[in-house]
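Raw contents of start02.cif, mmCIF, C-alpha atoms:
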```cif
data_data
#
loop_
_atom_site.label_atom_id
_atom_site.label_comp_id
_atom_site.auth_asym_id
_atom_site.auth_seq_id
_atom_site.Cartn_x
_atom_site.Cartn_y
_atom_site.Cartn_z
CA MET A 1 -11.98 29.60 -5.82
CA ASN A 2 -10.07 32.89 -5.88
CA ALA A 3 -7.21 33.64 -8.28
CA HIS A 4 -4.50 32.93 -5.68
CA ARG A 5 -5.88 29.47 -4.88
CA GLN A 6 -6.29 28.75 -8.60
CA ARG A 7 -2.62 29.53 -9.23
CA LEU A 8 -1.57 27.30 -6.35
CA ASP A 9 -3.91 24.56 -7.54
CA ARG A 10 -2.35 24.59 -11.03
CA ILE A 11 1.14 24.34 -9.54
CA ILE A 12 0.26 21.53 -7.12
CA ASN A 13 -2.15 19.44 -9.19
CA ASP A 14 -1.32 20.19 -12.84
CA ASN A 15 2.03 18.78 -13.93
CA THR A 16 1.52 19.85 -17.53
CA THR A 17 2.78 23.34 -16.65
CA ARG A 18 6.43 24.21 -16.06
CA LYS A 19 5.88 25.18 -12.43
CA GLY A 20 3.76 22.09 -11.91
CA ARG A 21 6.53 19.83 -13.22
CA ILE A 22 9.10 21.58 -11.01
CA PHE A 23 6.83 21.05 -8.00
CA ASP A 24 6.28 17.36 -8.86
CA TYR A 25 9.96 16.64 -9.45
CA GLY A 26 10.90 18.51 -6.29
CA VAL A 27 8.51 16.45 -4.16
CA GLN A 28 9.70 13.22 -5.79
CA LEU A 29 13.31 14.12 -5.07
CA LEU A 30 12.40 14.96 -1.48
CA ILE A 31 10.68 11.58 -1.09
CA PHE A 32 13.74 9.71 -2.36
CA ILE A 33 16.07 11.69 -0.09
CA SER A 34 13.80 11.10 2.91
CA LEU A 35 13.51 7.35 2.29
CA THR A 36 17.25 7.01 1.69
CA ALA A 37 17.98 8.86 4.92
CA TYR A 38 15.52 6.61 6.75
CA ALA A 39 17.31 3.53 5.41
CA ILE A 40 20.76 4.88 6.36
CA GLU A 41 19.42 5.72 9.82
CA THR A 42 18.94 2.00 10.49
CA LEU A 43 22.66 1.27 10.06
CA PRO A 44 24.18 0.30 13.43
CA ASP A 45 27.53 2.12 13.12
CA ASN A 46 26.48 5.65 12.20
CA THR A 47 28.73 8.35 13.64
CA PRO A 48 27.26 11.24 15.67
CA ARG A 49 27.88 13.55 12.70
CA VAL A 50 25.97 11.26 10.32
CA ARG A 51 23.11 10.96 12.81
CA ALA A 52 22.97 14.75 13.08
CA VAL A 53 22.81 15.11 9.28
CA LEU A 54 20.08 12.47 9.05
CA LYS A 55 18.11 14.19 11.79
CA THR A 56 18.35 17.48 9.88
CA ILE A 57 17.22 15.81 6.64
CA GLU A 58 14.24 14.29 8.45
CA LEU A 59 13.30 17.61 10.04
CA VAL A 60 13.49 19.52 6.73
CA SER A 61 11.63 16.76 4.86
CA ALA A 62 8.88 16.56 7.46
CA VAL A 63 8.40 20.33 7.49
CA LEU A 64 8.17 20.47 3.68
CA PHE A 65 5.77 17.50 3.57
CA THR A 66 3.63 19.21 6.20
CA ILE A 67 3.54 22.40 4.14
CA GLU A 68 2.59 20.36 1.07
CA TYR A 69 -0.21 18.65 3.03
CA VAL A 70 -1.61 21.97 4.28
CA LEU A 71 -1.44 23.48 0.78
CA ARG A 72 -3.33 20.53 -0.69
CA ILE A 73 -6.07 21.01 1.89
CA TYR A 74 -6.11 24.74 1.10
CA VAL A 75 -6.53 24.34 -2.68
CA ALA A 76 -8.91 21.37 -2.49
CA ARG A 77 -12.46 22.19 -3.58
CA LYS A 78 -13.70 19.69 -0.98
CA PRO A 79 -11.03 19.58 1.76
CA PHE A 80 -12.58 16.76 3.78
CA ARG A 81 -12.88 14.63 0.67
CA TYR A 82 -9.14 15.02 0.12
CA ILE A 83 -8.29 14.42 3.81
CA PHE A 84 -10.09 11.07 3.84
CA SER A 85 -9.03 10.02 0.34
CA PHE A 86 -6.25 7.50 -0.34
CA TYR A 87 -3.73 10.23 -1.11
CA GLY A 88 -4.84 12.34 1.84
CA ILE A 89 -4.38 9.46 4.28
CA VAL A 90 -0.96 8.62 2.82
CA ASP A 91 0.12 12.25 3.05
CA PHE A 92 -1.02 12.42 6.68
CA LEU A 93 0.67 9.15 7.68
CA ALA A 94 3.89 10.38 6.05
CA ILE A 95 4.05 13.34 8.45
CA LEU A 96 2.49 11.64 11.50
CA PRO A 97 5.83 10.81 13.21
CA PHE A 98 6.88 14.45 12.88
CA LEU A 99 3.58 15.75 14.27
CA LEU A 100 3.70 13.35 17.21
CA GLY A 101 7.35 14.08 17.86
CA ALA A 102 6.60 17.77 18.13
CA THR A 103 4.20 17.19 21.02
CA ILE A 104 5.20 13.91 22.69
CA ASP A 105 8.48 12.34 23.77
CA LEU A 106 9.70 10.38 20.73
CA ARG A 107 11.35 7.75 22.91
CA SER A 108 7.91 6.35 23.66
CA LEU A 109 6.82 6.61 20.01
CA ARG A 110 9.58 4.78 18.14
CA ALA A 111 6.99 2.43 16.64
CA PHE A 112 5.34 5.35 14.81
CA ARG A 113 8.54 5.97 12.84
CA ILE A 114 7.51 3.06 10.61
CA PHE A 115 4.87 5.37 9.13
CA ARG A 116 7.68 7.17 7.33
CA ILE A 117 7.70 4.33 4.81
CA PHE A 118 4.31 5.61 3.63
CA ARG A 119 6.21 8.37 1.87
CA ALA A 120 7.01 5.77 -0.78
CA PHE A 121 3.30 5.62 -1.63
CA LYS A 122 3.33 9.36 -2.26
CA LEU A 123 5.22 8.59 -5.47
CA ILE A 124 2.06 7.07 -6.93
CA ARG A 125 0.61 10.55 -7.36
CA TYR A 126 3.57 11.65 -9.49
CA ASN A 127 3.86 8.64 -11.79
CA ARG A 128 1.28 8.05 -14.50
CA ALA A 129 1.97 4.32 -14.72
CA LEU A 130 1.65 3.88 -10.95
CA ASN A 131 -1.45 6.06 -10.96
CA ARG A 132 -3.13 3.53 -13.24
CA PHE A 133 -2.96 1.04 -10.39
CA HIS A 134 -4.94 3.50 -8.28
CA ILE A 135 -7.56 3.77 -11.04
CA ALA A 136 -7.54 -0.01 -11.50
CA ALA A 137 -8.06 -0.53 -7.75
CA LYS A 138 -11.20 1.61 -7.91
CA LEU A 139 -12.50 -0.32 -10.92
CA VAL A 140 -12.16 -3.77 -9.33
CA LYS A 141 -12.89 -2.80 -5.72
CA GLU A 142 -16.15 -4.75 -5.54
CA GLU A 143 -14.69 -7.79 -7.29
CA VAL A 144 -11.70 -7.83 -4.94
CA ILE A 145 -13.97 -7.62 -1.89
CA LEU A 146 -16.02 -10.54 -3.21
CA PHE A 147 -12.82 -12.47 -3.95
CA LEU A 148 -11.54 -11.89 -0.40
CA ILE A 149 -14.85 -13.07 1.09
CA VAL A 150 -14.82 -16.25 -1.03
CA THR A 151 -11.14 -16.81 -0.16
CA GLY A 152 -11.96 -16.45 3.54
CA ILE A 153 -14.67 -19.09 3.20
CA PHE A 154 -12.28 -21.46 1.41
CA LEU A 155 -9.66 -20.79 4.07
CA PHE A 156 -12.04 -21.79 6.83
CA LEU A 157 -13.19 -24.90 4.97
CA ALA A 158 -9.59 -25.94 4.29
CA SER A 159 -8.64 -25.40 7.94
CA ALA A 160 -11.62 -27.41 9.16
CA GLY A 161 -11.06 -30.16 6.61
CA ILE A 162 -7.37 -30.75 7.36
CA TYR A 163 -8.15 -30.63 11.08
CA TYR A 164 -10.68 -33.42 10.59
CA PHE A 165 -8.18 -35.62 8.68
CA GLU A 166 -4.99 -34.89 10.63
CA ASN A 167 -5.95 -34.11 14.22
CA GLU A 168 -5.68 -37.68 15.49
CA ALA A 169 -2.45 -38.41 13.59
CA GLN A 170 -0.74 -35.08 14.44
CA PRO A 171 -2.50 -33.57 17.49
CA GLU A 172 0.45 -31.32 18.29
CA VAL A 173 0.45 -29.74 14.80
CA PHE A 174 -3.26 -29.71 13.93
CA SER A 175 -4.53 -29.14 17.46
CA SER A 176 -7.43 -26.90 16.38
CA ILE A 177 -8.96 -25.25 13.34
CA PHE A 178 -7.07 -22.08 14.24
CA SER A 179 -3.70 -23.85 14.30
CA SER A 180 -4.61 -25.60 11.06
CA ALA A 181 -5.20 -22.22 9.39
CA TRP A 182 -1.45 -21.78 8.81
CA TRP A 183 -1.35 -24.94 6.69
CA ALA A 184 -4.47 -23.76 4.83
CA ILE A 185 -2.92 -20.37 4.07
CA VAL A 186 0.39 -21.67 2.68
CA THR A 187 -1.43 -24.39 0.71
CA LEU A 188 -4.14 -22.19 -0.81
CA THR A 189 -1.50 -19.66 -1.84
CA THR A 190 0.61 -22.54 -3.27
CA VAL A 191 3.62 -21.42 -1.21
CA GLY A 192 4.05 -24.77 0.56
CA TYR A 193 6.82 -24.11 3.09
CA GLY A 194 6.82 -27.80 4.08
CA ASP A 195 6.92 -27.07 7.81
CA VAL A 196 3.39 -28.47 8.26
CA TYR A 197 2.08 -31.25 6.03
CA PRO A 198 -0.44 -34.14 6.15
CA VAL A 199 0.62 -37.72 6.83
CA THR A 200 -2.69 -39.56 6.48
CA VAL A 201 -4.11 -40.79 3.17
CA GLY A 202 -7.26 -38.72 3.63
CA GLY A 203 -5.20 -35.64 4.46
CA LYS A 204 -3.03 -36.06 1.37
CA MET A 205 -6.04 -36.48 -0.91
CA PHE A 206 -7.67 -33.44 0.67
CA THR A 207 -4.45 -31.48 0.13
CA PHE A 208 -4.51 -32.34 -3.58
CA PHE A 209 -7.94 -30.74 -4.03
CA ILE A 210 -6.94 -27.72 -1.96
CA LEU A 211 -3.85 -27.26 -4.15
CA MET A 212 -6.06 -27.28 -7.26
CA LEU A 213 -8.22 -24.58 -5.69
CA GLY A 214 -5.09 -22.69 -4.73
CA VAL A 215 -3.98 -22.42 -8.35
CA GLY A 216 -7.25 -20.69 -9.18
CA ILE A 217 -7.08 -18.42 -6.14
CA VAL A 218 -3.63 -17.21 -7.17
CA THR A 219 -4.57 -16.54 -10.82
CA ILE A 220 -7.92 -14.77 -10.27
CA PRO A 221 -6.42 -11.52 -8.83
CA ALA A 222 -3.90 -11.39 -11.68
CA GLY A 223 -6.71 -11.52 -14.22
CA LEU A 224 -8.70 -8.86 -12.38
CA VAL A 225 -5.72 -6.51 -12.19
CA ALA A 226 -4.77 -7.05 -15.86
CA SER A 227 -8.26 -6.25 -17.14
CA ALA A 228 -8.56 -3.27 -14.77
CA LEU A 229 -5.21 -1.83 -15.93
CA THR A 230 -6.34 -2.08 -19.54
CA LYS A 231 -9.53 -0.23 -18.66
CA ALA A 232 -7.53 2.34 -16.66
CA ARG A 233 -5.36 3.07 -19.70
CA GLU A 234 -8.49 3.58 -21.82
CA ILE A 235 -9.92 5.99 -19.23
CA GLU A 236 -6.62 7.89 -19.12
CA GLN A 237 -6.45 8.19 -22.91
CA GLN A 238 -10.07 9.33 -23.08
CA ALA A 239 -9.43 11.99 -20.42
CA GLU A 240 -6.38 13.24 -22.33
CA ALA A 241 -8.36 13.39 -25.57
CA GLU A 242 -11.14 15.40 -23.91
CA LYS A 243 -8.55 17.73 -22.41
CA ASP A 244 -6.96 18.31 -25.83
CA GLU A 245 -10.37 19.08 -27.32
CA ASP A 246 -11.08 21.65 -24.60
CA GLN A 247 -7.79 23.36 -25.34
#
```

The structure in this file should be written as structure tokens.
Amino acid sequence: MNAHRQRLDRIINDNTTRKGRIFDYGVQLLIFISLTAYAIETLPDNTPRVRAVLKTIELVSAVLFTIEYVLRIYVARKPFRYIFSFYGIVDFLAILPFLLGATIDLRSLRAFRIFRIFRAFKLIRYNRALNRFHIAAKLVKEEVILFLIVTGIFLFLASAGIYYFENEAQPEVFSSIFSSAWWAIVTLTTVGYGDVYPVTVGGKMFTFFILMLGVGIVTIPAGLVASALTKAREIEQQAEAEKDEDQ
């Protein structure tokens, strides 16, 4: 990496320097302004002048985010690794509406404007506490995948079970395993909207056991995240200690 790229890399990726902090705070401010403008844009009674100002804010924000994205690719030691990383994908989705709007009629692409909300995720990079969640997600990735698989199995079993007990009594509500899946979801997550519920004795008893399982399903992710965040803090402190020793 040449000297010019090294200087840019320190500014963009090292917030311990003065220029790095200015860059970080500037991007954070730009994100807040962009998201606020996006929210105001949804108001139904905006005047033409307000809409023009919001359009200008969006244009300036999108251009600056695009420049930031290109610079991060430029200073990255492995550009493709950054492009397909979590932050790289978020950065790309944040500017996607602007890139599409520059080449295609936006009237047919209004749905893509929702990607502007991904700019909120860009804040994770600039906040140490939020960044721990990113580290924690990496630490418990395999456990979360296993948890989701097991939850999917329980969801299917709950849907099939309530269909067996309630289909004859409520054929219009529990008409199939697929239609019964809504009841299984709100029961396993202990939400219990009350819009769909069993009326048979067998269905009520089955619901009791599903509710017990649901309590465990809700608490397991909380435990995984809590332990991972503790580990993430230890990793962060160790990295800071090693950095201090190098200096």

*Return as a ChimeraX atom specification the set of residues that the PyMOL selection byres ((chain A and resi 182) around 12) yields on the displayed structure.*
/A:155-156,158-160,162-163,173-181,183-189,191-197

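Here CA of Ala137 in chain A and CA of Val90 in chain A stand 15.7 Å from one another.
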
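Taking CA of Glu166 in chain A as the reference point, CA of Lys204 in chain A is found at 9.5 Å.
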
*Smallest atom-to-atom distance to Ile67 in chain A: which of A:Glu234, A:Asp45, A:Glu172, A:Asp91, using all atoms listed in the file?*
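Distance minimum relative to Ile67 in chain A lands on A:Asp91.
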
_Translate the PyMOL selection byres ((chain A and resi 57) around 12) into a concrete residue list for this structure, as a list in words._
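Output from the PyMOL selection byres ((chain A and resi 57) around 12), applied to this file: Leu30, Ile31, Phe32, Ile33, Ser34, Leu35, Thr36, Ala37, Tyr38, Ile40, Glu41, Val50, Arg51, Ala52, Val53, Leu54, Lys55, Thr56, Glu58, Leu59, Val60, Ser61, Ala62, Val63, Leu64 and Phe65 of chain A.
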
_Length of the CA of Leu139 in chain A to CA of Lys122 in chain A vector [Å]_ =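 Value for the CA of Leu139 in chain A-CA of Lys122 in chain A distance: 20.5 Å.
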
For the PyMOL selection byres ((chain A and resi 8) around 10), applied here, can you spell out every residue it catches as a tab-separated table (two decimals) with C-alpha atoms, in the frame of the given file?
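The new file selection-v6.tsv reads:
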```
chain	number	residue	atom	x	y	z
A	3	ALA	CA	-7.21	33.64	-8.28
A	4	HIS	CA	-4.50	32.93	-5.68
A	5	ARG	CA	-5.88	29.47	-4.88
A	6	GLN	CA	-6.29	28.75	-8.60
A	7	ARG	CA	-2.62	29.53	-9.23
A	9	ASP	CA	-3.91	24.56	-7.54
A	10	ARG	CA	-2.35	24.59	-11.03
A	11	ILE	CA	1.14	24.34	-9.54
A	12	ILE	CA	0.26	21.53	-7.12
A	13	ASN	CA	-2.15	19.44	-9.19
A	14	ASP	CA	-1.32	20.19	-12.84
A	19	LYS	CA	5.88	25.18	-12.43
A	20	GLY	CA	3.76	22.09	-11.91
A	71	LEU	CA	-1.44	23.48	0.78
A	72	ARG	CA	-3.33	20.53	-0.69
A	74	TYR	CA	-6.11	24.74	1.10
A	75	VAL	CA	-6.53	24.34	-2.68
```

*Looking at A:Val218, A:Leu148, A:Ala226, A:Leu100, which one is nearest to Phe133 in chain A, with distances taken over all atoms listed in the file?*
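That would be A:Ala226, the residue with the smallest distance to Phe133 in chain A.
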
As an mmCIF file, in the coordinates of the input, please: range 154-180 of chain A completed to N, CA and C atoms.
```
data_model
loop_
_atom_site.group_PDB
_atom_site.id
_atom_site.type_symbol
_atom_site.label_atom_id
_atom_site.label_comp_id
_atom_site.auth_asym_id
_atom_site.auth_seq_id
_atom_site.Cartn_x
_atom_site.Cartn_y
_atom_site.Cartn_z
ATOM 1 N N PHE A 154 -13.126 -20.318 1.771
ATOM 2 C CA PHE A 154 -12.280 -21.460 1.410
ATOM 3 C C PHE A 154 -11.217 -21.718 2.472
ATOM 4 N N LEU A 155 -10.681 -20.648 3.032
ATOM 5 C CA LEU A 155 -9.660 -20.790 4.070
ATOM 6 C C LEU A 155 -10.217 -21.502 5.293
ATOM 7 N N PHE A 156 -11.424 -21.134 5.681
ATOM 8 C CA PHE A 156 -12.040 -21.790 6.830
ATOM 9 C C PHE A 156 -12.343 -23.262 6.528
ATOM 10 N N LEU A 157 -12.882 -23.522 5.339
ATOM 11 C CA LEU A 157 -13.190 -24.900 4.970
ATOM 12 C C LEU A 157 -11.933 -25.757 4.907
ATOM 13 N N ALA A 158 -10.847 -25.201 4.354
ATOM 14 C CA ALA A 158 -9.590 -25.940 4.290
ATOM 15 C C ALA A 158 -9.040 -26.207 5.677
ATOM 16 N N SER A 159 -9.135 -25.230 6.570
ATOM 17 C CA SER A 159 -8.640 -25.400 7.940
ATOM 18 C C SER A 159 -9.447 -26.473 8.673
ATOM 19 N N ALA A 160 -10.765 -26.423 8.506
ATOM 20 C CA ALA A 160 -11.620 -27.410 9.160
ATOM 21 C C ALA A 160 -11.407 -28.798 8.581
ATOM 22 N N GLY A 161 -11.233 -28.866 7.249
ATOM 23 C CA GLY A 161 -11.060 -30.160 6.610
ATOM 24 C C GLY A 161 -9.766 -30.841 7.011
ATOM 25 N N ILE A 162 -8.649 -30.128 6.992
ATOM 26 C CA ILE A 162 -7.370 -30.750 7.360
ATOM 27 C C ILE A 162 -7.340 -31.090 8.836
ATOM 28 N N TYR A 163 -8.051 -30.297 9.650
ATOM 29 C CA TYR A 163 -8.150 -30.630 11.080
ATOM 30 C C TYR A 163 -8.863 -31.958 11.251
ATOM 31 N N TYR A 164 -9.917 -32.171 10.499
ATOM 32 C CA TYR A 164 -10.680 -33.420 10.590
ATOM 33 C C TYR A 164 -9.804 -34.616 10.209
ATOM 34 N N PHE A 165 -8.990 -34.494 9.153
ATOM 35 C CA PHE A 165 -8.180 -35.620 8.680
ATOM 36 C C PHE A 165 -6.920 -35.839 9.511
ATOM 37 N N GLU A 166 -6.329 -34.776 10.035
ATOM 38 C CA GLU A 166 -4.990 -34.890 10.630
ATOM 39 C C GLU A 166 -4.922 -34.745 12.151
ATOM 40 N N ASN A 167 -6.008 -34.370 12.781
ATOM 41 C CA ASN A 167 -5.950 -34.110 14.220
ATOM 42 C C ASN A 167 -5.502 -35.316 15.030
ATOM 43 N N GLU A 168 -6.044 -36.475 14.721
ATOM 44 C CA GLU A 168 -5.680 -37.680 15.490
ATOM 45 C C GLU A 168 -4.240 -38.105 15.205
ATOM 46 N N ALA A 169 -3.804 -37.981 13.947
ATOM 47 C CA ALA A 169 -2.450 -38.410 13.590
ATOM 48 C C ALA A 169 -1.393 -37.409 14.058
ATOM 49 N N GLN A 170 -1.706 -36.121 14.040
ATOM 50 C CA GLN A 170 -0.740 -35.080 14.440
ATOM 51 C C GLN A 170 -1.424 -34.067 15.372
ATOM 52 N N PRO A 171 -1.775 -34.477 16.581
ATOM 53 C CA PRO A 171 -2.500 -33.570 17.490
ATOM 54 C C PRO A 171 -1.696 -32.351 17.908
ATOM 55 N N GLU A 172 -0.367 -32.461 17.884
ATOM 56 C CA GLU A 172 0.450 -31.320 18.290
ATOM 57 C C GLU A 172 0.549 -30.266 17.182
ATOM 58 N N VAL A 173 0.366 -30.670 15.926
ATOM 59 C CA VAL A 173 0.450 -29.740 14.800
ATOM 60 C C VAL A 173 -0.930 -29.211 14.428
ATOM 61 N N PHE A 174 -1.897 -30.091 14.283
ATOM 62 C CA PHE A 174 -3.260 -29.710 13.930
ATOM 63 C C PHE A 174 -4.143 -29.838 15.170
ATOM 64 N N SER A 175 -3.829 -29.045 16.168
ATOM 65 C CA SER A 175 -4.530 -29.140 17.460
ATOM 66 C C SER A 175 -5.899 -28.492 17.430
ATOM 67 N N SER A 176 -6.137 -27.579 16.497
ATOM 68 C CA SER A 176 -7.430 -26.900 16.380
ATOM 69 C C SER A 176 -7.567 -26.358 14.962
ATOM 70 N N ILE A 177 -8.754 -25.859 14.648
ATOM 71 C CA ILE A 177 -8.960 -25.250 13.340
ATOM 72 C C ILE A 177 -8.089 -24.005 13.188
ATOM 73 N N PHE A 178 -7.893 -23.295 14.300
ATOM 74 C CA PHE A 178 -7.070 -22.080 14.240
ATOM 75 C C PHE A 178 -5.604 -22.424 13.929
ATOM 76 N N SER A 179 -5.087 -23.457 14.574
ATOM 77 C CA SER A 179 -3.700 -23.850 14.300
ATOM 78 C C SER A 179 -3.568 -24.458 12.909
ATOM 79 N N SER A 180 -4.637 -25.025 12.403
ATOM 80 C CA SER A 180 -4.610 -25.600 11.060
ATOM 81 C C SER A 180 -4.682 -24.533 9.972
#
```
